[in-house]
Amino acid sequence: MWLEKLHLTYFKSYEEGSFTFGAHVNCLVGENGSGKTNLLDAIYFLALTKSSLHNLDALNIRHDNDFFVLDGVFKEEEKRTQITCSLQRGQRKVVMADKKAYDRLSDHIGRFPVVLIAPDDTDLVREGSEIRRRFFDGVLSQLTPSYLEDFLQYNRILNQRNGLLKLFAERNYLDEDLLETYNDPLIELALRIHTQRETFMERFMPLFRKYYAFLSSEKEQVNVIYESEVATADFPGEFRKHRSRDLHAQRTVKGIHKDEYTFEIDGVALKKFGSQGQQKSFVIALKLAQYELLAVEKETRPILLLDDIFDKLDDKRIHKLIELIDDGSLGQVFITDARPERSQRILEKVQAEVRFFEIGG
């Protein structure tokens with residue numbers, strides 16, 4: 001599976017643009033600020049119906065315009081599928097496959113898998129638990145439609161329950177029966193999501209460790225520890241015991257929305273004791289494990305987006321990524337670089353077809 005064509009209208013910095021890509025390596029070169037990352041984000045949006053950079057869809061509309069349209073053609077063997085994403089200010093975005101709108105956007109997620117490796121990925125190590133949950137939820141959502149459905153439903157009910165708790169606090173009033181109508185489905189979904197996350201980690205960890213060993217000649221042991229309050233013997237009972245705390249906090253204090261993924265190297269916190277090189281290898285290994293899981297589950301190689309990697313990685317890690325391109329482990333790859341001569345030097349020995357696109361030129 002690969003993206004053959006892409007047309008952008010009023011998307012971010014683009015007034016209009018049309019591209020015909022190659023099935024293997026596509027290198028987007030141009031000065032900083034020329035629109036290379038925006039083009040990668042358009043591909044990401046087309047595949048996942050959202051930006052990789054922010055959550056507000058309207059921010060993707062080019063300034064002084066009222067809408068954007070992304071139109072792409074994905075090719076799978078001899079079959080071509082046209083995907084169109086559009087957004088009018090003040091309205092809901094529309095995603096269509098072969099000019100027929102999806103009933104639910106979630107039906108599109110995972111159909112055209114994509115993996116992005118970007119300069120700010122080390123935020124997964126440095127920042128709080130929310131960004132790590134978002135990463136693993138994103139992987140699981142592309143892998144398993146049922147997980148995405150449960151996850152979206154959990155968050156809907158969680159928001160409704162939190163709204164009810166705030167209402168009770170404002171009115172100094174409690175309706176236990178009404179609150180219980182939210183408790184039962186929230187608990188059921190939390191248990192189901194927790195089981196899926198645990199099962200996923202059992203599949204994910206061997207691949208992650210394999211890629212960390214591939215990227216780094218170091219002999220340290222790496223680990224991702226999944227921690228959840230839902231893992232207790234009687235989570236339903238524990239959840240209900242926290243009703244008073246929920247009322248006081250005006251929000252739900254226990255559940256899978258509080259889960260944590262702890263990153264360790266040789267048994268200590270990666271954030272505190274890992275070098276910059278170790279942190280980069282750790283994060284790239286996470287993304288490559290994601291790539292392989294998607295490739296196995298979807299029976300097609302995902303599109304790999306590499307944003308500004310030549311600036312952010314040392315020669316050893318760049319060489320390892322190029323090895324994966326050369327040995328056929330990867331499918332369609334997009335690379336951005338502000339220095340064309342460097343890209344040409346690094347990619348000149350790659351056996352696969354390489355196409356260069358000058359962006360903003």
# chains A, B, ... in the order shown; residues from 1 in each chain; ligands from 1
$ select_by_dssp --residues "segment 280-357 of chain A" --states "strand (DSSP E or B)" --output "PyMOL selection string"
chain A and resi 303-306+333-337+354-357
$ residues_around --residues "Ser34 of chain A" --least-positions-apart "5" --cutoff "12 Å" --atoms "only C-alpha atoms" --output "ChimeraX atom specification"
/A:12-14,28-29,39,336-338,357-361
$ write_last_selection --atoms "C-alpha atoms" --output "mmCIF file, in the first residue's frame"
data_model
loop_
_atom_site.group_PDB
_atom_site.id
_atom_site.type_symbol
_atom_site.label_atom_id
_atom_site.label_comp_id
_atom_site.auth_asym_id
_atom_site.auth_seq_id
_atom_site.Cartn_x
_atom_site.Cartn_y
_atom_site.Cartn_z
ATOM 1 C CA LYS A 12 -1.782 25.128 6.169
ATOM 2 C CA SER A 13 0.889 26.967 4.130
ATOM 3 C CA TYR A 14 -0.373 25.546 0.814
ATOM 4 C CA LEU A 28 11.142 16.414 0.282
ATOM 5 C CA VAL A 29 13.844 19.088 0.256
ATOM 6 C CA LEU A 39 3.168 18.151 3.469
ATOM 7 C CA THR A 336 12.241 15.768 4.775
ATOM 8 C CA ASP A 337 15.560 17.615 4.721
ATOM 9 C CA ALA A 338 16.611 21.257 4.476
ATOM 10 C CA PHE A 357 10.772 16.969 -4.543
ATOM 11 C CA GLU A 358 11.816 20.581 -4.133
ATOM 12 C CA ILE A 359 9.289 22.186 -1.796
ATOM 13 C CA GLY A 360 8.705 25.913 -1.959
ATOM 14 C CA GLY A 361 11.004 26.274 -4.920
#
$ residues_around --residues "Ala101 of chain A" --least-positions-apart "4" --cutoff "12 Å" --atoms "only C-alpha atoms" --output "number ranges by chain"
A: 82-86, 93-97, 105, 107-108
$ closest_residue --among "A:Pro185, A:Ser106, A:Lys5, A:Glu149" --to "Thr81 of chain A" --atoms "only C-alpha atoms"
A:Lys5
$ closest_residue --among "A:Ile193, A:Val230, A:Leu70, A:Val350" --to "Asp327 of chain A" --atoms "only C-alpha atoms"
A:Val350
$ select_by_dssp --residues "segment 251-348 of chain A" --states "helix (DSSP H, G or I)" --output "PDB file with N, CA and C atoms, in the first residue's frame"
ATOM      1  N   ILE A 256      -8.837   3.916  33.469  1.00  0.00           N
ATOM      2  CA  ILE A 256      -7.740   3.711  32.521  1.00  0.00           C
ATOM      3  C   ILE A 256      -7.175   5.027  31.978  1.00  0.00           C
ATOM      4  N   HIS A 257      -7.895   6.126  32.192  1.00  0.00           N
ATOM      5  CA  HIS A 257      -7.364   7.437  31.790  1.00  0.00           C
ATOM      6  C   HIS A 257      -6.244   7.901  32.723  1.00  0.00           C
ATOM      7  N   LYS A 258      -5.954   7.102  33.745  1.00  0.00           N
ATOM      8  CA  LYS A 258      -4.837   7.395  34.659  1.00  0.00           C
ATOM      9  C   LYS A 258      -3.679   6.403  34.483  1.00  0.00           C
ATOM     10  N   LEU A 270      14.526   6.008  32.357  1.00  0.00           N
ATOM     11  CA  LEU A 270      15.191   6.522  31.156  1.00  0.00           C
ATOM     12  C   LEU A 270      15.252   8.044  31.179  1.00  0.00           C
ATOM     13  N   LYS A 271      14.185   8.673  31.669  1.00  0.00           N
ATOM     14  CA  LYS A 271      14.108  10.136  31.689  1.00  0.00           C
ATOM     15  C   LYS A 271      15.241  10.744  32.518  1.00  0.00           C
ATOM     16  N   LYS A 272      15.582  10.110  33.626  1.00  0.00           N
ATOM     17  CA  LYS A 272      16.596  10.662  34.533  1.00  0.00           C
ATOM     18  C   LYS A 272      18.002  10.209  34.182  1.00  0.00           C
ATOM     19  N   PHE A 273      18.148   8.967  33.753  1.00  0.00           N
ATOM     20  CA  PHE A 273      19.485   8.390  33.649  1.00  0.00           C
ATOM     21  C   PHE A 273      19.905   8.027  32.217  1.00  0.00           C
ATOM     22  N   GLN A 276      21.133  11.213  25.773  1.00  0.00           N
ATOM     23  CA  GLN A 276      20.327  11.655  24.629  1.00  0.00           C
ATOM     24  C   GLN A 276      20.271  10.579  23.546  1.00  0.00           C
ATOM     25  N   GLY A 277      21.417   9.938  23.298  1.00  0.00           N
ATOM     26  CA  GLY A 277      21.465   8.874  22.300  1.00  0.00           C
ATOM     27  C   GLY A 277      20.582   7.698  22.680  1.00  0.00           C
ATOM     28  N   GLN A 278      20.612   7.323  23.957  1.00  0.00           N
ATOM     29  CA  GLN A 278      19.783   6.214  24.419  1.00  0.00           C
ATOM     30  C   GLN A 278      18.298   6.566  24.317  1.00  0.00           C
ATOM     31  N   GLN A 279      17.953   7.803  24.647  1.00  0.00           N
ATOM     32  CA  GLN A 279      16.553   8.228  24.547  1.00  0.00           C
ATOM     33  C   GLN A 279      16.075   8.214  23.097  1.00  0.00           C
ATOM     34  N   LYS A 280      16.929   8.675  22.177  1.00  0.00           N
ATOM     35  CA  LYS A 280      16.555   8.665  20.760  1.00  0.00           C
ATOM     36  C   LYS A 280      16.384   7.242  20.248  1.00  0.00           C
ATOM     37  N   SER A 281      17.328   6.358  20.602  1.00  0.00           N
ATOM     38  CA  SER A 281      17.211   4.957  20.182  1.00  0.00           C
ATOM     39  C   SER A 281      15.944   4.326  20.744  1.00  0.00           C
ATOM     40  N   PHE A 282      15.627   4.643  21.998  1.00  0.00           N
ATOM     41  CA  PHE A 282      14.443   4.108  22.667  1.00  0.00           C
ATOM     42  C   PHE A 282      13.180   4.495  21.903  1.00  0.00           C
ATOM     43  N   VAL A 283      13.082   5.776  21.563  1.00  0.00           N
ATOM     44  CA  VAL A 283      11.872   6.278  20.904  1.00  0.00           C
ATOM     45  C   VAL A 283      11.747   5.746  19.476  1.00  0.00           C
ATOM     46  N   ILE A 284      12.858   5.704  18.742  1.00  0.00           N
ATOM     47  CA  ILE A 284      12.801   5.170  17.374  1.00  0.00           C
ATOM     48  C   ILE A 284      12.433   3.692  17.413  1.00  0.00           C
ATOM     49  N   ALA A 285      12.948   2.958  18.401  1.00  0.00           N
ATOM     50  CA  ALA A 285      12.595   1.540  18.547  1.00  0.00           C
ATOM     51  C   ALA A 285      11.100   1.383  18.818  1.00  0.00           C
ATOM     52  N   LEU A 286      10.510   2.289  19.613  1.00  0.00           N
ATOM     53  CA  LEU A 286       9.058   2.262  19.826  1.00  0.00           C
ATOM     54  C   LEU A 286       8.308   2.385  18.500  1.00  0.00           C
ATOM     55  N   LYS A 287       8.766   3.332  17.662  1.00  0.00           N
ATOM     56  CA  LYS A 287       8.077   3.592  16.391  1.00  0.00           C
ATOM     57  C   LYS A 287       8.272   2.435  15.404  1.00  0.00           C
ATOM     58  N   LEU A 288       9.461   1.843  15.387  1.00  0.00           N
ATOM     59  CA  LEU A 288       9.700   0.727  14.466  1.00  0.00           C
ATOM     60  C   LEU A 288       8.932  -0.520  14.897  1.00  0.00           C
ATOM     61  N   ALA A 289       8.787  -0.713  16.210  1.00  0.00           N
ATOM     62  CA  ALA A 289       7.951  -1.818  16.696  1.00  0.00           C
ATOM     63  C   ALA A 289       6.494  -1.585  16.297  1.00  0.00           C
ATOM     64  N   GLN A 290       6.048  -0.332  16.406  1.00  0.00           N
ATOM     65  CA  GLN A 290       4.711   0.023  15.932  1.00  0.00           C
ATOM     66  C   GLN A 290       4.570  -0.318  14.455  1.00  0.00           C
ATOM     67  N   TYR A 291       5.584   0.022  13.674  1.00  0.00           N
ATOM     68  CA  TYR A 291       5.560  -0.231  12.230  1.00  0.00           C
ATOM     69  C   TYR A 291       5.393  -1.727  11.939  1.00  0.00           C
ATOM     70  N   GLU A 292       6.189  -2.560  12.613  1.00  0.00           N
ATOM     71  CA  GLU A 292       6.129  -3.997  12.319  1.00  0.00           C
ATOM     72  C   GLU A 292       4.805  -4.607  12.748  1.00  0.00           C
ATOM     73  N   LEU A 293       4.288  -4.183  13.904  1.00  0.00           N
ATOM     74  CA  LEU A 293       2.992  -4.700  14.343  1.00  0.00           C
ATOM     75  C   LEU A 293       1.888  -4.359  13.346  1.00  0.00           C
ATOM     76  N   LEU A 294       1.892  -3.110  12.867  1.00  0.00           N
ATOM     77  CA  LEU A 294       0.898  -2.699  11.878  1.00  0.00           C
ATOM     78  C   LEU A 294       1.051  -3.501  10.584  1.00  0.00           C
ATOM     79  N   ALA A 295       2.300  -3.704  10.164  1.00  0.00           N
ATOM     80  CA  ALA A 295       2.550  -4.443   8.928  1.00  0.00           C
ATOM     81  C   ALA A 295       2.005  -5.875   9.018  1.00  0.00           C
ATOM     82  N   VAL A 296       2.192  -6.509  10.176  1.00  0.00           N
ATOM     83  CA  VAL A 296       1.717  -7.883  10.373  1.00  0.00           C
ATOM     84  C   VAL A 296       0.197  -7.921  10.441  1.00  0.00           C
ATOM     85  N   GLU A 297      -0.375  -7.012  11.256  1.00  0.00           N
ATOM     86  CA  GLU A 297      -1.826  -7.019  11.480  1.00  0.00           C
ATOM     87  C   GLU A 297      -2.598  -6.640  10.224  1.00  0.00           C
ATOM     88  N   LYS A 298      -2.106  -5.645   9.486  1.00  0.00           N
ATOM     89  CA  LYS A 298      -2.829  -5.150   8.312  1.00  0.00           C
ATOM     90  C   LYS A 298      -2.410  -5.861   7.026  1.00  0.00           C
ATOM     91  N   ILE A 309      14.980  13.944  10.058  1.00  0.00           N
ATOM     92  CA  ILE A 309      15.772  13.003  10.842  1.00  0.00           C
ATOM     93  C   ILE A 309      17.270  13.208  10.661  1.00  0.00           C
ATOM     94  N   PHE A 310      17.704  13.682   9.503  1.00  0.00           N
ATOM     95  CA  PHE A 310      19.140  13.819   9.272  1.00  0.00           C
ATOM     96  C   PHE A 310      19.755  14.884  10.171  1.00  0.00           C
ATOM     97  N   ASP A 311      18.961  15.865  10.577  1.00  0.00           N
ATOM     98  CA  ASP A 311      19.447  16.885  11.505  1.00  0.00           C
ATOM     99  C   ASP A 311      19.473  16.382  12.944  1.00  0.00           C
ATOM    100  N   LYS A 312      18.536  15.489  13.284  1.00  0.00           N
ATOM    101  CA  LYS A 312      18.333  15.124  14.686  1.00  0.00           C
ATOM    102  C   LYS A 312      19.031  13.832  15.099  1.00  0.00           C
ATOM    103  N   ASP A 315      25.088   9.763  12.767  1.00  0.00           N
ATOM    104  CA  ASP A 315      25.328   8.952  11.571  1.00  0.00           C
ATOM    105  C   ASP A 315      24.988   7.478  11.782  1.00  0.00           C
ATOM    106  N   LYS A 316      25.260   6.979  12.989  1.00  0.00           N
ATOM    107  CA  LYS A 316      25.024   5.552  13.249  1.00  0.00           C
ATOM    108  C   LYS A 316      23.537   5.204  13.123  1.00  0.00           C
ATOM    109  N   ARG A 317      22.683   6.028  13.722  1.00  0.00           N
ATOM    110  CA  ARG A 317      21.248   5.741  13.688  1.00  0.00           C
ATOM    111  C   ARG A 317      20.668   5.987  12.292  1.00  0.00           C
ATOM    112  N   ILE A 318      21.189   7.000  11.594  1.00  0.00           N
ATOM    113  CA  ILE A 318      20.767   7.222  10.207  1.00  0.00           C
ATOM    114  C   ILE A 318      21.120   6.007   9.358  1.00  0.00           C
ATOM    115  N   HIS A 319      22.340   5.493   9.545  1.00  0.00           N
ATOM    116  CA  HIS A 319      22.776   4.320   8.786  1.00  0.00           C
ATOM    117  C   HIS A 319      21.862   3.124   9.050  1.00  0.00           C
ATOM    118  N   LYS A 320      21.426   2.955  10.303  1.00  0.00           N
ATOM    119  CA  LYS A 320      20.553   1.836  10.646  1.00  0.00           C
ATOM    120  C   LYS A 320      19.196   1.967   9.949  1.00  0.00           C
ATOM    121  N   LEU A 321      18.657   3.183   9.907  1.00  0.00           N
ATOM    122  CA  LEU A 321      17.391   3.383   9.211  1.00  0.00           C
ATOM    123  C   LEU A 321      17.526   3.121   7.709  1.00  0.00           C
ATOM    124  N   ILE A 322      18.641   3.576   7.134  1.00  0.00           N
ATOM    125  CA  ILE A 322      18.872   3.339   5.707  1.00  0.00           C
ATOM    126  C   ILE A 322      19.003   1.839   5.430  1.00  0.00           C
ATOM    127  N   GLU A 323      19.582   1.098   6.364  1.00  0.00           N
ATOM    128  CA  GLU A 323      19.667  -0.363   6.238  1.00  0.00           C
ATOM    129  C   GLU A 323      18.274  -0.976   6.065  1.00  0.00           C
ATOM    130  N   LEU A 324      17.308  -0.485   6.869  1.00  0.00           N
ATOM    131  CA  LEU A 324      15.946  -1.020   6.798  1.00  0.00           C
ATOM    132  C   LEU A 324      15.299  -0.710   5.454  1.00  0.00           C
ATOM    133  N   ILE A 325      15.604   0.480   4.906  1.00  0.00           N
ATOM    134  CA  ILE A 325      15.094   0.817   3.577  1.00  0.00           C
ATOM    135  C   ILE A 325      15.709  -0.107   2.532  1.00  0.00           C
ATOM    136  N   ASP A 326      17.003  -0.336   2.659  1.00  0.00           N
ATOM    137  CA  ASP A 326      17.747  -1.112   1.658  1.00  0.00           C
ATOM    138  C   ASP A 326      17.378  -2.591   1.661  1.00  0.00           C
ATOM    139  N   PRO A 340      19.593  19.604   0.515  1.00  0.00           N
ATOM    140  CA  PRO A 340      19.471  18.613  -0.573  1.00  0.00           C
ATOM    141  C   PRO A 340      20.751  17.819  -0.817  1.00  0.00           C
ATOM    142  N   GLU A 341      21.900  18.483  -0.710  1.00  0.00           N
ATOM    143  CA  GLU A 341      23.158  17.787  -0.993  1.00  0.00           C
ATOM    144  C   GLU A 341      23.413  16.679   0.025  1.00  0.00           C
ATOM    145  N   ARG A 342      23.004  16.904   1.263  1.00  0.00           N
ATOM    146  CA  ARG A 342      23.171  15.871   2.288  1.00  0.00           C
ATOM    147  C   ARG A 342      22.268  14.677   1.987  1.00  0.00           C
ATOM    148  N   SER A 343      21.005  14.939   1.648  1.00  0.00           N
ATOM    149  CA  SER A 343      20.071  13.854   1.319  1.00  0.00           C
ATOM    150  C   SER A 343      20.578  13.028   0.146  1.00  0.00           C
ATOM    151  N   GLN A 344      21.076  13.706  -0.879  1.00  0.00           N
ATOM    152  CA  GLN A 344      21.575  12.989  -2.055  1.00  0.00           C
ATOM    153  C   GLN A 344      22.769  12.114  -1.695  1.00  0.00           C
ATOM    154  N   ARG A 345      23.628  12.629  -0.822  1.00  0.00           N
ATOM    155  CA  ARG A 345      24.806  11.847  -0.416  1.00  0.00           C
ATOM    156  C   ARG A 345      24.388  10.611   0.379  1.00  0.00           C
ATOM    157  N   ILE A 346      23.452  10.783   1.305  1.00  0.00           N
ATOM    158  CA  ILE A 346      23.026   9.674   2.163  1.00  0.00           C
ATOM    159  C   ILE A 346      22.242   8.621   1.375  1.00  0.00           C
ATOM    160  N   LEU A 347      21.431   9.086   0.415  1.00  0.00           N
ATOM    161  CA  LEU A 347      20.520   8.177  -0.289  1.00  0.00           C
ATOM    162  C   LEU A 347      21.062   7.652  -1.614  1.00  0.00           C
TER     163      LEU A 347
END
$ residues_around --residues "Asn60 of chain A" --least-positions-apart "3" --cutoff "12 Å" --atoms "only C-alpha atoms" --output "ChimeraX atom specification"
/A:8-15,38-39,41-42,45,49-57,63-70,85-89,93
$ closest_residue --among "A:Gly35, A:Pro145, A:Gly17, A:Pro113" --to "Asp71 of chain A" --atoms "only C-alpha atoms"
A:Gly17
$ closest_residue --among "A:Arg156, A:Asp103, A:Gln221, A:Leu165" --to "Phe263 of chain A" --atoms "only C-alpha atoms"
A:Gln221
$ residues_around --residues "Thr20 of chain A" --least-positions-apart "2" --cutoff "8 Å" --atoms "only C-alpha atoms" --output "MDAnalysis selection string"
chainID A and resid 4:6 18 22
$ write_last_selection --atoms "C-alpha atoms" --output "PDB file, in the first residue's frame"
ATOM      1  CA  GLU A   4       0.378   7.624  -5.318  1.00  0.00           C
ATOM      2  CA  LYS A   5      -1.075  11.126  -5.622  1.00  0.00           C
ATOM      3  CA  LEU A   6      -1.887  14.027  -3.329  1.00  0.00           C
ATOM      4  CA  SER A  18      -0.211  18.538  -6.558  1.00  0.00           C
ATOM      5  CA  GLY A  22       7.037   7.021  -5.935  1.00  0.00           C
TER       6      GLY A  22
END
$ residues_around --residues "Ile131 of chain A" --least-positions-apart "5" --cutoff "12 Å" --atoms "only C-alpha atoms" --output "JSON list (two decimals) with C-alpha atoms, in the first residue's frame"
[["chain", "number", "residue", "atom", "x", "y", "z"],
["A", 120, "ASP", "CA", 9.76, 16.08, 19.09],
["A", 121, "ASP", "CA", 9.29, 12.33, 19.64],
["A", 122, "THR", "CA", 11.61, 12.44, 22.65],
["A", 123, "ASP", "CA", 8.73, 14.26, 24.39],
["A", 124, "LEU", "CA", 7.49, 10.71, 24.97],
["A", 125, "VAL", "CA", 10.38, 10.37, 27.42],
["A", 126, "ARG", "CA", 10.51, 13.90, 28.85],
["A", 136, "PHE", "CA", 0.04, 3.73, 22.72],
["A", 137, "ASP", "CA", -3.66, 4.50, 22.21],
["A", 138, "GLY", "CA", -2.80, 5.72, 18.71],
["A", 257, "HIS", "CA", -7.36, 7.44, 31.79],
["A", 258, "LYS", "CA", -4.84, 7.40, 34.66],
["A", 259, "ASP", "CA", -2.71, 4.53, 33.29],
["A", 260, "GLU", "CA", 1.05, 5.02, 32.96],
["A", 261, "TYR", "CA", 3.79, 3.58, 30.78],
["A", 262, "THR", "CA", 7.16, 3.79, 32.53]]
$ closest_residue --among "A:Ser217, A:Leu191, A:Leu247, A:Lys210" --to "Glu176 of chain A" --atoms "only C-alpha atoms"
A:Leu247
$ residues_around --residues "Leu140 of chain A" --least-positions-apart "4" --cutoff "9 Å" --atoms "only C-alpha atoms" --output "VMD selection string"
chain A and resid 135 to 136 144 to 145 147 to 148 196 to 197 200
$ closest_residue --among "A:Glu78, A:Asp234, A:Glu227, A:Glu31" --to "Trp2 of chain A" --atoms "only C-alpha atoms"
A:Glu78
$ decode --residues "segment 80-124 of chain A" --atoms "C-alpha atoms" --output "compact mmCIF listing (two decimals), in the first residue's frame"
# COMPACT_ATOMS: atom_id res chain seq x y z
CA ARG A 80 -6.71 2.49 -6.32
CA THR A 81 -8.78 4.25 -3.63
CA GLN A 82 -9.43 7.98 -3.63
CA ILE A 83 -9.57 9.51 -0.14
CA THR A 84 -10.83 13.06 0.32
CA CYS A 85 -10.72 15.02 3.59
CA SER A 86 -12.36 18.44 3.76
CA LEU A 87 -13.26 20.96 6.41
CA GLN A 88 -15.37 24.13 6.21
CA ARG A 89 -14.98 26.59 9.09
CA GLY A 90 -17.72 26.09 11.65
CA GLN A 91 -18.69 22.68 10.28
CA ARG A 92 -17.67 19.08 10.84
CA LYS A 93 -14.92 17.59 8.72
CA VAL A 94 -15.93 15.15 6.01
CA VAL A 95 -13.89 12.10 4.96
CA MET A 96 -14.83 10.23 1.80
CA ALA A 97 -13.60 7.03 0.16
CA ASP A 98 -14.18 7.03 -3.59
CA LYS A 99 -16.50 10.03 -3.12
CA LYS A 100 -18.68 8.25 -0.55
CA ALA A 101 -18.64 9.72 2.96
CA TYR A 102 -17.91 7.45 5.91
CA ASP A 103 -20.76 7.07 8.37
CA ARG A 104 -18.18 7.13 11.15
CA LEU A 105 -14.66 8.58 10.90
CA SER A 106 -13.42 5.70 13.07
CA ASP A 107 -14.13 3.33 10.15
CA HIS A 108 -11.26 4.99 8.26
CA ILE A 109 -8.66 4.71 11.03
CA GLY A 110 -6.18 1.91 10.33
CA ARG A 111 -7.29 1.39 6.74
CA PHE A 112 -4.16 3.15 5.45
CA PRO A 113 -1.63 2.73 8.29
CA VAL A 114 1.04 5.35 8.81
CA VAL A 115 3.95 5.80 11.25
CA LEU A 116 5.61 9.16 11.91
CA ILE A 117 9.10 9.68 13.34
CA ALA A 118 9.50 13.38 14.19
CA PRO A 119 11.98 15.66 16.02
CA ASP A 120 9.76 16.08 19.09
CA ASP A 121 9.29 12.33 19.64
CA THR A 122 11.61 12.44 22.65
CA ASP A 123 8.73 14.26 24.39
CA LEU A 124 7.49 10.71 24.97
